[in-house]
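One file, work.txt, is given below (compact mmCIF, C-alpha atoms).
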```txt
# COMPACT_ATOMS: atom_id res chain seq x y z
CA MET A 120 84.85 89.93 124.07
CA PRO A 121 85.21 89.01 127.78
CA GLN A 122 86.79 85.72 128.73
CA SER A 123 84.77 83.17 130.64
CA GLU A 124 85.48 82.64 134.32
CA ASP A 125 86.93 79.20 133.61
CA ALA A 126 89.44 80.59 131.13
CA ARG A 127 90.55 83.29 133.56
CA LEU A 128 90.93 80.75 136.37
CA ALA A 129 92.94 78.44 134.11
CA ASP A 130 95.20 81.37 133.16
CA LEU A 131 95.66 82.28 136.83
CA GLU A 132 96.48 78.67 137.68
CA ALA A 133 99.06 78.46 134.87
CA ARG A 134 100.77 81.68 136.00
CA LEU A 135 100.87 80.51 139.61
CA GLU A 136 102.31 77.16 138.49
CA ARG A 137 105.14 78.98 136.69
CA GLN A 138 105.85 81.39 139.54
CA ASP A 139 105.74 79.05 142.54
CA PRO A 140 105.37 75.35 141.66
CA GLY A 141 106.01 74.24 145.25
CA PHE A 142 103.04 76.23 146.50
CA VAL A 143 100.79 74.69 143.83
CA ARG A 144 101.96 71.15 144.72
CA ALA A 145 101.26 71.83 148.39
CA MET A 146 97.78 73.14 147.61
CA ARG A 147 96.98 70.09 145.50
CA SER A 148 98.12 67.74 148.27
CA GLY A 149 95.88 69.51 150.78
CA ARG A 150 98.77 70.78 152.91
CA PRO A 151 99.19 74.40 151.83
CA ALA A 152 102.51 76.12 152.35
CA ARG A 153 103.15 79.84 152.49
CA PRO A 154 103.68 81.50 149.12
CA ARG A 155 107.29 82.37 148.28
CA GLU A 156 106.91 86.07 149.03
CA HIS A 157 105.84 85.28 152.62
CA ARG A 158 108.71 82.92 153.40
CA ARG A 159 111.42 84.67 155.37
CA THR A 160 113.49 81.76 156.70
CA GLY A 161 116.56 82.75 154.69
CA ALA A 162 116.32 86.32 155.89
CA TRP A 163 116.25 85.17 159.52
CA TRP A 164 119.36 83.03 158.95
CA GLY A 165 121.04 86.02 157.31
CA LEU A 166 120.14 88.17 160.29
CA ALA A 167 121.63 85.59 162.68
CA LEU A 168 124.79 85.39 160.57
CA GLY A 169 125.05 89.18 160.49
CA PHE A 170 124.77 89.42 164.27
CA ALA A 171 127.36 86.64 164.66
CA VAL A 172 129.82 88.49 162.40
CA LEU A 173 129.08 91.76 164.18
CA GLY A 174 129.58 90.16 167.60
CA SER A 175 132.84 88.51 166.59
CA GLY A 176 134.04 91.82 165.15
CA ILE A 177 133.30 93.56 168.42
CA ALA A 178 134.95 90.78 170.45
CA LEU A 179 138.07 90.77 168.27
CA ALA A 180 138.13 94.57 167.86
CA GLN A 181 138.26 94.23 164.06
CA GLY A 182 136.73 97.14 162.21
CA LEU A 183 136.33 95.19 158.97
CA LEU A 184 134.27 92.47 160.71
CA ILE A 185 132.16 95.10 162.45
CA ALA A 186 131.46 96.85 159.14
CA ALA A 187 130.68 93.55 157.40
CA GLY A 188 128.36 92.56 160.25
CA LEU A 189 126.50 95.87 160.07
CA VAL A 190 126.06 95.50 156.32
CA LEU A 191 124.79 91.91 156.67
CA VAL A 192 122.36 92.89 159.43
CA GLY A 193 121.06 95.76 157.30
CA ILE A 194 120.51 93.55 154.25
CA ALA A 195 118.86 90.78 156.26
CA ALA A 196 116.64 93.20 158.19
CA GLN A 197 115.31 94.47 154.87
CA GLY A 198 114.34 90.88 153.99
CA VAL A 199 112.67 90.21 157.35
CA ASP A 200 110.61 93.40 157.30
CA PRO A 201 107.38 92.78 155.38
CA ASP A 202 106.64 95.05 152.44
CA PRO A 203 103.75 97.30 153.54
CA SER A 204 102.41 97.66 150.00
CA ARG A 205 101.91 93.88 149.71
CA LEU A 206 100.03 93.71 152.99
CA GLY A 207 97.48 96.29 151.90
CA ARG A 208 98.74 99.00 154.23
CA GLN A 209 99.52 102.33 152.73
CA GLY A 210 101.45 105.27 153.98
CA PRO A 211 99.84 108.52 155.12
CA ARG A 212 97.54 110.11 152.59
CA ARG A 213 98.60 113.33 150.98
CA ARG A 214 96.02 115.93 150.15
```

Produce structure tokens that represent the structure in this file.
Amino acid sequence: MPQSEDARLADLEARLERQDPGFVRAMRSGRPARPREHRRTGAWWGLALGFAVLGSGIALAQGLLIAAGLVLVGIAAQGVDPDPSRLGRQGPRRR
């Protein structure tokens, strides 16, 4: 037996409330914020930190700092790059 539209909307609202309560509060107040999966502020700070460590490693000629900086930049760049599957873009089609 199919659920009514109201029941499905209530279920969707409850799941969204559990997953991202800050987004729901912002929507209720009339000042919507980006959903959690679209916030990349932390990734940008990680990228800046990685470049700072990499630059200091190059300036001090320390291989360990250079390696750590490269690893941090790689991790942060993965967080900054949007996931193509979430944005509706798909890779090339295979036949």

Out of A:Gly188, A:Gly182, A:Pro140, A:Pro151, which residue has the shortest atom-to-atom distance to A:Leu168 when counting all atoms listed in the file?
->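 Result for the nearest residue to A:Leu168: A:Gly188.
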
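Taking all atoms listed in the file into account, A:Ala195 lies nearest to A:Gly165 out of the set A:Leu128, A:Thr160, A:Gly149, A:Gly165.
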
Could you jot down the atom CA of A:Ala171 to atom CA of A:Gly198 separation for me, Å, one decimal place?
->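 A separation of 17.4 Å between them.
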
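Reported to one decimal place, the separation of atom CA of A:Val199 from atom CA of A:Ala167 is 11.4 Å.
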
Would you kindly return, as a PyMOL selection string, each protein, DNA or RNA residue with an atom no farther than 9 Å from any atom of A:Leu189, considering all atoms listed in the file and excluding same-chain residues fewer than 5 positions away?
-> chain A and resi 169-170+172-173+184+194

One-decimal distance in Å that lies between atom CA of A:Ala162 and atom CA of A:Gly174 |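 Answer for the atom CA of A:Gly174 to atom CA of A:Ala162 separation: 18.1 Å.
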
Could you list, as a CSV table (one decimal) with C-alpha atoms, in the coordinates of the input, every residue within 9 Å of A:Ala196, counting all atoms listed in the file and ignoring same-chain residues fewer than 4 positions away?
```
chain,number,residue,atom,x,y,z
A,162,ALA,CA,116.3,86.3,155.9
A,163,TRP,CA,116.2,85.2,159.5
A,165,GLY,CA,121.0,86.0,157.3
A,166,LEU,CA,120.1,88.2,160.3
A,191,LEU,CA,124.8,91.9,156.7
A,192,VAL,CA,122.4,92.9,159.4
A,200,ASP,CA,110.6,93.4,157.3
```
